[in-house]
>>> print(open('data-v3.txt').read())   # compact mmCIF, C-alpha atoms
# COMPACT_ATOMS: atom_id res chain seq x y z
CA MET A 188 20.34 -73.97 -108.15
CA ALA A 189 17.05 -75.79 -108.74
CA LEU A 190 16.05 -74.51 -105.30
CA GLY A 191 16.53 -70.94 -106.52
CA VAL A 192 13.84 -71.44 -109.16
CA GLN A 193 11.41 -72.76 -106.62
CA THR A 194 12.15 -70.18 -103.92
CA LEU A 195 10.77 -66.86 -105.14
CA ASN A 196 11.92 -64.92 -102.07
CA VAL A 197 15.54 -63.76 -102.47
CA LEU A 198 16.17 -63.45 -98.74
CA LYS A 199 14.99 -66.99 -98.04
CA PHE A 200 17.12 -68.38 -100.85
CA CYS A 201 20.28 -66.52 -99.79
CA THR A 202 19.95 -67.65 -96.18
CA VAL A 203 19.71 -71.35 -97.02
CA ASP A 204 22.39 -73.29 -95.12
CA GLN A 205 25.73 -73.50 -97.00
CA MET A 206 24.39 -71.44 -99.91
CA LEU A 207 27.30 -68.94 -99.91
CA PRO A 208 30.03 -71.63 -100.21
CA ARG A 209 28.02 -73.24 -103.02
CA LEU A 210 27.77 -69.96 -104.93
CA GLU A 211 31.47 -69.26 -104.44
CA LYS A 212 32.33 -72.72 -105.76
CA ILE A 213 30.15 -72.18 -108.83
CA GLU A 214 31.79 -68.80 -109.41
CA SER A 215 35.29 -70.33 -109.27
CA GLN A 216 34.22 -73.04 -111.73
CA LEU A 217 32.84 -70.40 -114.07
CA LYS A 218 36.16 -68.52 -113.95
CA VAL A 219 38.01 -71.69 -114.93
CA CYS A 220 35.62 -72.21 -117.85
CA GLU A 221 35.93 -68.55 -118.87
CA LYS A 222 39.73 -68.70 -118.87
CA ALA A 223 39.73 -71.90 -120.94
CA LEU A 224 37.33 -70.30 -123.42
CA ASN A 225 39.43 -67.12 -123.68
CA ASP A 226 42.60 -69.17 -124.24
CA PHE A 227 40.84 -71.10 -127.00
CA LEU A 228 39.59 -67.90 -128.67
CA ASP A 229 43.03 -66.27 -128.43
CA GLY A 230 44.53 -69.29 -130.18
CA LYS A 231 42.04 -68.86 -133.03
CA ARG A 232 42.76 -65.11 -133.18
CA ILE A 233 46.48 -65.80 -133.52
CA SER A 234 45.74 -68.21 -136.39
CA PHE A 235 43.50 -65.66 -138.13
CA PRO A 236 44.20 -62.10 -136.80
CA ARG A 237 41.01 -60.64 -138.30
CA PHE A 238 39.16 -62.48 -135.53
CA TYR A 239 40.53 -59.80 -133.15
CA PHE A 240 38.03 -57.36 -134.69
CA VAL A 241 35.02 -59.67 -134.34
CA SER A 242 32.84 -59.64 -131.22
CA VAL A 243 33.01 -62.67 -128.91
CA ASN A 244 29.43 -63.67 -129.73
CA ASP A 245 30.05 -63.51 -133.48
CA LEU A 246 33.36 -65.35 -133.13
CA LEU A 247 31.72 -68.15 -131.15
CA ASP A 248 29.04 -68.44 -133.84
CA ILE A 249 31.69 -68.57 -136.58
CA LEU A 250 33.77 -71.21 -134.81
CA SER A 251 30.80 -73.36 -133.84
CA ASN A 252 29.66 -73.39 -137.48
CA GLY A 253 33.14 -73.70 -138.98
CA ASN A 254 32.26 -76.97 -140.74
CA ASN A 255 29.24 -75.29 -142.31
CA PRO A 256 30.54 -72.42 -144.50
CA GLU A 257 26.98 -71.48 -145.51
CA LYS A 258 26.32 -70.37 -141.92
CA VAL A 259 29.68 -68.59 -141.66
CA ASN A 260 29.01 -66.73 -144.92
CA LYS A 261 26.69 -64.22 -143.21
CA HIS A 262 29.65 -62.94 -141.17
CA CYS A 263 31.72 -61.92 -144.23
CA SER A 264 31.05 -58.19 -143.74
CA LYS A 265 32.60 -58.40 -140.24
CA ILE A 266 35.77 -60.03 -141.57
CA TYR A 267 36.34 -58.70 -145.08
CA GLN A 268 35.99 -54.97 -145.68
CA ALA A 269 33.04 -53.99 -147.90
CA ILE A 270 32.18 -57.65 -148.66
CA LYS A 271 28.60 -58.68 -147.91
CA ASN A 272 28.97 -62.39 -148.65
CA MET A 273 30.17 -64.93 -151.18
CA THR A 274 28.15 -66.93 -153.66
CA LEU A 275 28.51 -70.59 -152.68
CA THR A 276 27.66 -73.72 -154.61
CA THR A 277 27.85 -77.34 -153.52
CA ASP A 278 28.72 -80.06 -156.00
CA LYS A 279 26.74 -83.27 -155.89
CA GLY A 280 28.29 -85.68 -153.42
CA SER A 281 30.48 -82.97 -151.85
CA GLU A 282 30.22 -82.03 -148.17
CA ARG A 283 31.81 -78.59 -148.54
CA PRO A 284 30.74 -75.76 -150.87
CA THR A 285 32.82 -73.84 -153.40
CA ALA A 286 33.04 -70.03 -153.36
CA LEU A 287 32.41 -68.57 -156.81
CA ASP A 288 32.51 -64.82 -156.20
CA MET A 289 32.34 -62.01 -153.65
CA VAL A 290 29.41 -59.61 -153.37
CA THR A 291 30.00 -56.06 -152.15
CA CYS A 292 27.96 -54.44 -149.40
CA VAL A 293 28.67 -50.96 -150.78
CA GLY A 294 26.52 -50.32 -153.83
CA SER A 295 25.91 -53.43 -155.90
CA GLU A 296 28.78 -55.32 -157.48
CA THR A 297 29.78 -58.95 -157.82
CA VAL A 298 33.40 -59.90 -158.52
CA ILE A 299 33.83 -63.42 -159.86
CA PHE A 300 36.86 -65.33 -158.56
CA THR A 301 39.22 -66.19 -161.41
CA SER A 302 39.67 -69.57 -159.71
CA PRO A 303 36.72 -70.94 -157.68
CA LEU A 304 37.72 -71.85 -154.13
CA LYS A 305 36.58 -74.98 -152.31
CA LEU A 306 36.13 -74.15 -148.61
CA VAL A 307 37.82 -77.05 -146.85
CA GLY A 308 39.63 -77.45 -143.54
CA LYS A 309 39.20 -75.41 -140.38
CA VAL A 310 37.34 -72.12 -140.63
CA GLU A 311 40.44 -69.99 -139.97
CA ARG A 312 42.26 -71.90 -142.70
CA TYR A 313 39.71 -71.47 -145.45
CA MET A 314 39.17 -67.82 -144.49
CA LEU A 315 42.87 -67.26 -145.15
CA ASP A 316 42.42 -69.07 -148.47
CA VAL A 317 39.57 -66.67 -149.28
CA ILE A 318 41.90 -63.68 -148.77
CA ASP A 319 44.51 -65.26 -151.08
CA THR A 320 41.82 -65.93 -153.70
CA MET A 321 40.54 -62.36 -153.48
CA ARG A 322 44.05 -60.98 -153.98
CA THR A 323 44.84 -63.35 -156.85
CA SER A 324 41.56 -62.55 -158.59
CA LEU A 325 42.01 -58.78 -158.28
CA ARG A 326 45.59 -59.09 -159.54
CA ASP A 327 44.40 -61.12 -162.55
CA TYR A 328 41.73 -58.50 -163.28
CA ALA A 329 44.30 -55.69 -162.95
CA ILE A 330 46.72 -57.32 -165.41
CA LYS A 331 43.95 -57.84 -167.94
CA SER A 332 42.63 -54.31 -167.38
CA ILE A 333 46.04 -52.77 -168.06
CA GLU A 334 46.18 -54.68 -171.35
CA ASN A 335 42.67 -53.49 -172.32
CA ARG A 336 43.10 -49.85 -171.25
CA TYR A 337 43.75 -48.62 -174.78
CA LYS A 338 42.33 -51.57 -176.69
CA LEU A 339 38.75 -50.88 -175.62
CA ASP A 340 36.59 -47.78 -175.66
CA LYS A 341 37.00 -46.08 -172.26
CA VAL A 342 33.34 -46.44 -171.28
CA LYS A 343 33.36 -50.12 -172.18
CA TRP A 344 36.68 -50.57 -170.37
CA ILE A 345 35.28 -49.02 -167.17
CA GLU A 346 32.10 -51.12 -167.32
CA ASN A 347 34.11 -54.27 -168.04
CA ASP A 348 36.15 -54.26 -164.82
CA PRO A 349 35.42 -54.21 -161.08
CA ALA A 350 35.25 -50.63 -159.79
CA GLN A 351 38.32 -51.02 -157.57
CA ILE A 352 40.39 -52.24 -160.52
CA ALA A 353 39.15 -49.50 -162.87
CA LEU A 354 40.13 -46.86 -160.29
CA LEU A 355 43.53 -48.48 -159.74
CA VAL A 356 44.44 -48.79 -163.42
CA ASN A 357 43.10 -45.31 -164.18
CA ALA A 358 45.34 -43.89 -161.41
CA MET A 359 48.32 -45.82 -162.79
CA ASP A 360 47.66 -44.48 -166.28
CA TRP A 361 47.30 -40.91 -164.96
CA SER A 362 50.66 -41.21 -163.15
CA GLN A 363 52.41 -42.56 -166.24
CA GLN A 364 50.96 -39.90 -168.54
CA SER A 365 51.78 -37.12 -166.07
CA GLU A 366 55.39 -38.31 -165.80
CA LYS A 367 55.54 -38.47 -169.60
CA ALA A 368 54.28 -34.87 -169.82
CA PHE A 369 56.95 -33.68 -167.34
CA ALA A 370 59.60 -35.48 -169.40
CA LEU A 371 58.37 -33.70 -172.53
CA ILE A 372 58.59 -30.35 -170.71
CA GLN A 373 62.21 -31.09 -169.83
CA GLY A 374 62.74 -31.86 -173.51
CA GLY A 375 61.45 -28.43 -174.52
CA ASP A 376 57.71 -29.00 -175.04
CA LEU A 377 56.40 -26.45 -172.53
CA ASP A 378 52.77 -27.11 -173.43
CA ALA A 379 52.92 -30.85 -172.78
CA LEU A 380 51.15 -30.66 -169.40
CA LYS A 381 48.48 -28.31 -170.75
CA SER A 382 47.89 -30.68 -173.66
CA TYR A 383 47.47 -33.62 -171.31
CA HIS A 384 45.09 -31.61 -169.13
CA LYS A 385 43.02 -30.78 -172.21
CA GLU A 386 43.01 -34.47 -173.15
CA LEU A 387 41.68 -35.41 -169.70
CA VAL A 388 38.95 -32.77 -169.84
CA ASN A 389 37.84 -33.98 -173.28
CA ALA A 390 37.75 -37.57 -171.99
CA LEU A 391 35.42 -36.51 -169.15
CA THR A 392 33.09 -34.53 -171.39
>>> encode(input="data-v3.txt", output="structure tokens")
Amino acid sequence: MALGVQTLNVLKFCTVDQMLPRLEKIESQLKVCEKALNDFLDGKRISFPRFYFVSVNDLLDILSNGNNPEKVNKHCSKIYQAIKNMTLTTDKGSERPTALDMVTCVGSETVIFTSPLKLVGKVERYMLDVIDTMRTSLRDYAIKSIENRYKLDKVKWIENDPAQIALLVNAMDWSQQSEKAFALIQGGDLDALKSYHKELVNALT
């Protein structure tokens, strides 16, 4: 192949003695390498299915930097929906960083993990741990938000929680209050639903 760099004329290069068998051999070797690489990537995709939705170039970059979570962090938006990145911190004397929160890429919001997560092990392993930590944190926020729904002023309650949790708990509350209104109608209070509607309108205004 060094000859190809030196020979600027394509015809002369292609007509060099035994060039075709050499090129065919190189092609067959490349196919072997390509198959081995695809088998390796498929194994990683099976371990962490979200890798199926990442381009080959991005996946190779993630895997090659798996021991360096700071470099993997920039790929968060390709793996976790609406997440731009995580805030990482490294303790003195520690080789791996700890994830403290997740930062959204829609609008501007930071959700602090209720339990900081140290990113250890293989990249597909700690990415699964990140998903578990996200779920646990959102569940913890939801439980606390349900408790605070009527303890706090509504505006303060909304500002106090992540947007996703505020929407979830508000929808839960609406469902419960609507079912309560229907139960009151069955009990003879025909204006129960109208009263709840008026209450919602007053809350919005």
>>> closest_residue(input="data-v3.txt", among="A:Gln364, A:Asn335, A:Arg322, A:Gln193", to="A:Leu387", atoms="all atoms listed in the file")
A:Gln364
>>> closest_atom_pairs(input="data-v3.txt", of="stretch 322-381 of chain A", to="stretch 273-291 of chain A", cutoff="12 Å", atoms="all atoms listed in the file", output="Markdown table")
| residue | atom | partner | partner_atom | distance |
| --- | --- | --- | --- | --- |
| A:Arg322 | CA | A:Met289 | CA | 11.8 |
| A:Ser324 | CA | A:Asp288 | CA | 9.6 |
| A:Leu325 | CA | A:Met289 | CA | 11.2 |
| A:Pro349 | CA | A:Thr291 | CA | 10.6 |
| A:Ala350 | CA | A:Thr291 | CA | 10.7 |
| A:Gln351 | CA | A:Thr291 | CA | 11.1 |
>>> residues_around(input="data-v3.txt", residues="A:Ala353", least_positions_apart="2", cutoff="12 Å", atoms="all atoms listed in the file", output="list in words")
Leu325, Tyr328, Ala329, Ile330, Lys331, Ser332, Ile333, Asn335, Arg336, Lys341, Val342, Lys343, Trp344, Ile345, Glu346, Asn347, Asp348, Pro349, Ala350, Gln351, Leu355, Val356, Asn357, Ala358, Met359 and Asp360 of chain A
>>> residues_around(input="data-v3.txt", residues="A:Leu380", least_positions_apart="6", cutoff="9 Å", atoms="only C-alpha atoms", output="PyMOL selection string")
chain A and resi 365+367-369+371-372
>>> atom_distance(input="data-v3.txt", atom1="atom CA of A:Thr320", atom2="atom CA of A:Thr301")
8.1 Å
>>> atom_distance(input="data-v3.txt", atom1="atom CA of A:Cys292", atom2="atom CA of A:Tyr267")
10.3 Å
>>> closest_residue(input="data-v3.txt", among="A:Asp316, A:Thr202, A:Lys305, A:Leu246", to="A:Asp229", atoms="all atoms listed in the file")
A:Leu246
>>> decode(input="data-v3.txt", residues="stretch 266-295 of chain A", atoms="N, CA and C atoms", output="PDB file, in the first residue's frame")
ATOM      1  N   ILE A 266     -28.431   8.772  25.061  1.00  0.00           N
ATOM      2  CA  ILE A 266     -28.752   7.552  25.793  1.00  0.00           C
ATOM      3  C   ILE A 266     -29.962   7.728  26.706  1.00  0.00           C
ATOM      4  N   TYR A 267     -30.024   8.880  27.378  1.00  0.00           N
ATOM      5  CA  TYR A 267     -31.129   9.154  28.289  1.00  0.00           C
ATOM      6  C   TYR A 267     -31.979  10.290  27.721  1.00  0.00           C
ATOM      7  N   GLN A 268     -33.262  10.053  27.586  1.00  0.00           N
ATOM      8  CA  GLN A 268     -34.139  11.046  26.963  1.00  0.00           C
ATOM      9  C   GLN A 268     -34.169  12.348  27.761  1.00  0.00           C
ATOM     10  N   ALA A 269     -33.954  13.449  27.049  1.00  0.00           N
ATOM     11  CA  ALA A 269     -34.052  14.813  27.595  1.00  0.00           C
ATOM     12  C   ALA A 269     -32.995  15.115  28.661  1.00  0.00           C
ATOM     13  N   ILE A 270     -31.942  14.301  28.747  1.00  0.00           N
ATOM     14  CA  ILE A 270     -30.869  14.548  29.712  1.00  0.00           C
ATOM     15  C   ILE A 270     -29.624  15.016  28.959  1.00  0.00           C
ATOM     16  N   LYS A 271     -29.163  16.206  29.280  1.00  0.00           N
ATOM     17  CA  LYS A 271     -27.978  16.763  28.617  1.00  0.00           C
ATOM     18  C   LYS A 271     -26.701  16.120  29.133  1.00  0.00           C
ATOM     19  N   ASN A 272     -26.555  16.092  30.451  1.00  0.00           N
ATOM     20  CA  ASN A 272     -25.379  15.473  31.068  1.00  0.00           C
ATOM     21  C   ASN A 272     -25.616  15.329  32.558  1.00  0.00           C
ATOM     22  N   MET A 273     -24.611  14.843  33.240  1.00  0.00           N
ATOM     23  CA  MET A 273     -24.664  14.737  34.701  1.00  0.00           C
ATOM     24  C   MET A 273     -23.547  15.592  35.298  1.00  0.00           C
ATOM     25  N   THR A 274     -23.773  16.070  36.484  1.00  0.00           N
ATOM     26  CA  THR A 274     -22.717  16.792  37.192  1.00  0.00           C
ATOM     27  C   THR A 274     -21.861  15.762  37.923  1.00  0.00           C
ATOM     28  N   LEU A 275     -20.575  15.734  37.589  1.00  0.00           N
ATOM     29  CA  LEU A 275     -19.661  14.750  38.171  1.00  0.00           C
ATOM     30  C   LEU A 275     -18.651  15.424  39.079  1.00  0.00           C
ATOM     31  N   THR A 276     -18.288  14.715  40.127  1.00  0.00           N
ATOM     32  CA  THR A 276     -17.243  15.204  41.026  1.00  0.00           C
ATOM     33  C   THR A 276     -16.334  14.039  41.382  1.00  0.00           C
ATOM     34  N   THR A 277     -15.063  14.304  41.532  1.00  0.00           N
ATOM     35  CA  THR A 277     -14.096  13.253  41.853  1.00  0.00           C
ATOM     36  C   THR A 277     -13.481  13.523  43.217  1.00  0.00           C
ATOM     37  N   ASP A 278     -13.646  12.565  44.106  1.00  0.00           N
ATOM     38  CA  ASP A 278     -13.057  12.701  45.441  1.00  0.00           C
ATOM     39  C   ASP A 278     -11.546  12.552  45.370  1.00  0.00           C
ATOM     40  N   LYS A 279     -10.863  13.195  46.279  1.00  0.00           N
ATOM     41  CA  LYS A 279      -9.411  13.125  46.320  1.00  0.00           C
ATOM     42  C   LYS A 279      -8.960  11.681  46.517  1.00  0.00           C
ATOM     43  N   GLY A 280      -8.058  11.236  45.667  1.00  0.00           N
ATOM     44  CA  GLY A 280      -7.541   9.877  45.774  1.00  0.00           C
ATOM     45  C   GLY A 280      -8.401   8.840  45.066  1.00  0.00           C
ATOM     46  N   SER A 281      -9.524   9.276  44.444  1.00  0.00           N
ATOM     47  CA  SER A 281     -10.408   8.340  43.761  1.00  0.00           C
ATOM     48  C   SER A 281     -10.188   8.412  42.251  1.00  0.00           C
ATOM     49  N   GLU A 282     -10.202   7.262  41.594  1.00  0.00           N
ATOM     50  CA  GLU A 282      -9.988   7.226  40.146  1.00  0.00           C
ATOM     51  C   GLU A 282     -11.283   7.484  39.377  1.00  0.00           C
ATOM     52  N   ARG A 283     -12.411   7.170  39.965  1.00  0.00           N
ATOM     53  CA  ARG A 283     -13.693   7.319  39.284  1.00  0.00           C
ATOM     54  C   ARG A 283     -14.530   8.422  39.928  1.00  0.00           C
ATOM     55  N   PRO A 284     -15.274   9.166  39.109  1.00  0.00           N
ATOM     56  CA  PRO A 284     -16.100  10.260  39.640  1.00  0.00           C
ATOM     57  C   PRO A 284     -17.430   9.762  40.202  1.00  0.00           C
ATOM     58  N   THR A 285     -18.118  10.661  40.889  1.00  0.00           N
ATOM     59  CA  THR A 285     -19.450  10.397  41.435  1.00  0.00           C
ATOM     60  C   THR A 285     -20.444  11.321  40.759  1.00  0.00           C
ATOM     61  N   ALA A 286     -21.576  10.759  40.321  1.00  0.00           N
ATOM     62  CA  ALA A 286     -22.629  11.561  39.680  1.00  0.00           C
ATOM     63  C   ALA A 286     -23.520  12.152  40.765  1.00  0.00           C
ATOM     64  N   LEU A 287     -23.699  13.474  40.725  1.00  0.00           N
ATOM     65  CA  LEU A 287     -24.475  14.162  41.744  1.00  0.00           C
ATOM     66  C   LEU A 287     -25.892  14.493  41.298  1.00  0.00           C
ATOM     67  N   ASP A 288     -26.066  14.762  39.999  1.00  0.00           N
ATOM     68  CA  ASP A 288     -27.389  15.137  39.508  1.00  0.00           C
ATOM     69  C   ASP A 288     -27.467  14.946  38.000  1.00  0.00           C
ATOM     70  N   MET A 289     -28.652  15.176  37.454  1.00  0.00           N
ATOM     71  CA  MET A 289     -28.844  15.128  36.003  1.00  0.00           C
ATOM     72  C   MET A 289     -29.373  16.482  35.543  1.00  0.00           C
ATOM     73  N   VAL A 290     -28.855  16.942  34.406  1.00  0.00           N
ATOM     74  CA  VAL A 290     -29.206  18.254  33.872  1.00  0.00           C
ATOM     75  C   VAL A 290     -30.007  18.046  32.596  1.00  0.00           C
ATOM     76  N   THR A 291     -31.177  18.672  32.506  1.00  0.00           N
ATOM     77  CA  THR A 291     -32.027  18.478  31.340  1.00  0.00           C
ATOM     78  C   THR A 291     -31.494  19.245  30.138  1.00  0.00           C
ATOM     79  N   CYS A 292     -31.859  18.761  28.948  1.00  0.00           N
ATOM     80  CA  CYS A 292     -31.506  19.478  27.722  1.00  0.00           C
ATOM     81  C   CYS A 292     -32.741  20.151  27.128  1.00  0.00           C
ATOM     82  N   VAL A 293     -33.859  20.075  27.842  1.00  0.00           N
ATOM     83  CA  VAL A 293     -35.090  20.764  27.451  1.00  0.00           C
ATOM     84  C   VAL A 293     -35.369  21.820  28.517  1.00  0.00           C
ATOM     85  N   GLY A 294     -35.260  23.103  28.144  1.00  0.00           N
ATOM     86  CA  GLY A 294     -35.374  24.135  29.158  1.00  0.00           C
ATOM     87  C   GLY A 294     -34.120  24.147  30.010  1.00  0.00           C
ATOM     88  N   SER A 295     -34.285  24.426  31.288  1.00  0.00           N
ATOM     89  CA  SER A 295     -33.135  24.462  32.195  1.00  0.00           C
ATOM     90  C   SER A 295     -33.562  23.958  33.566  1.00  0.00           C
TER      91      SER A 295
END
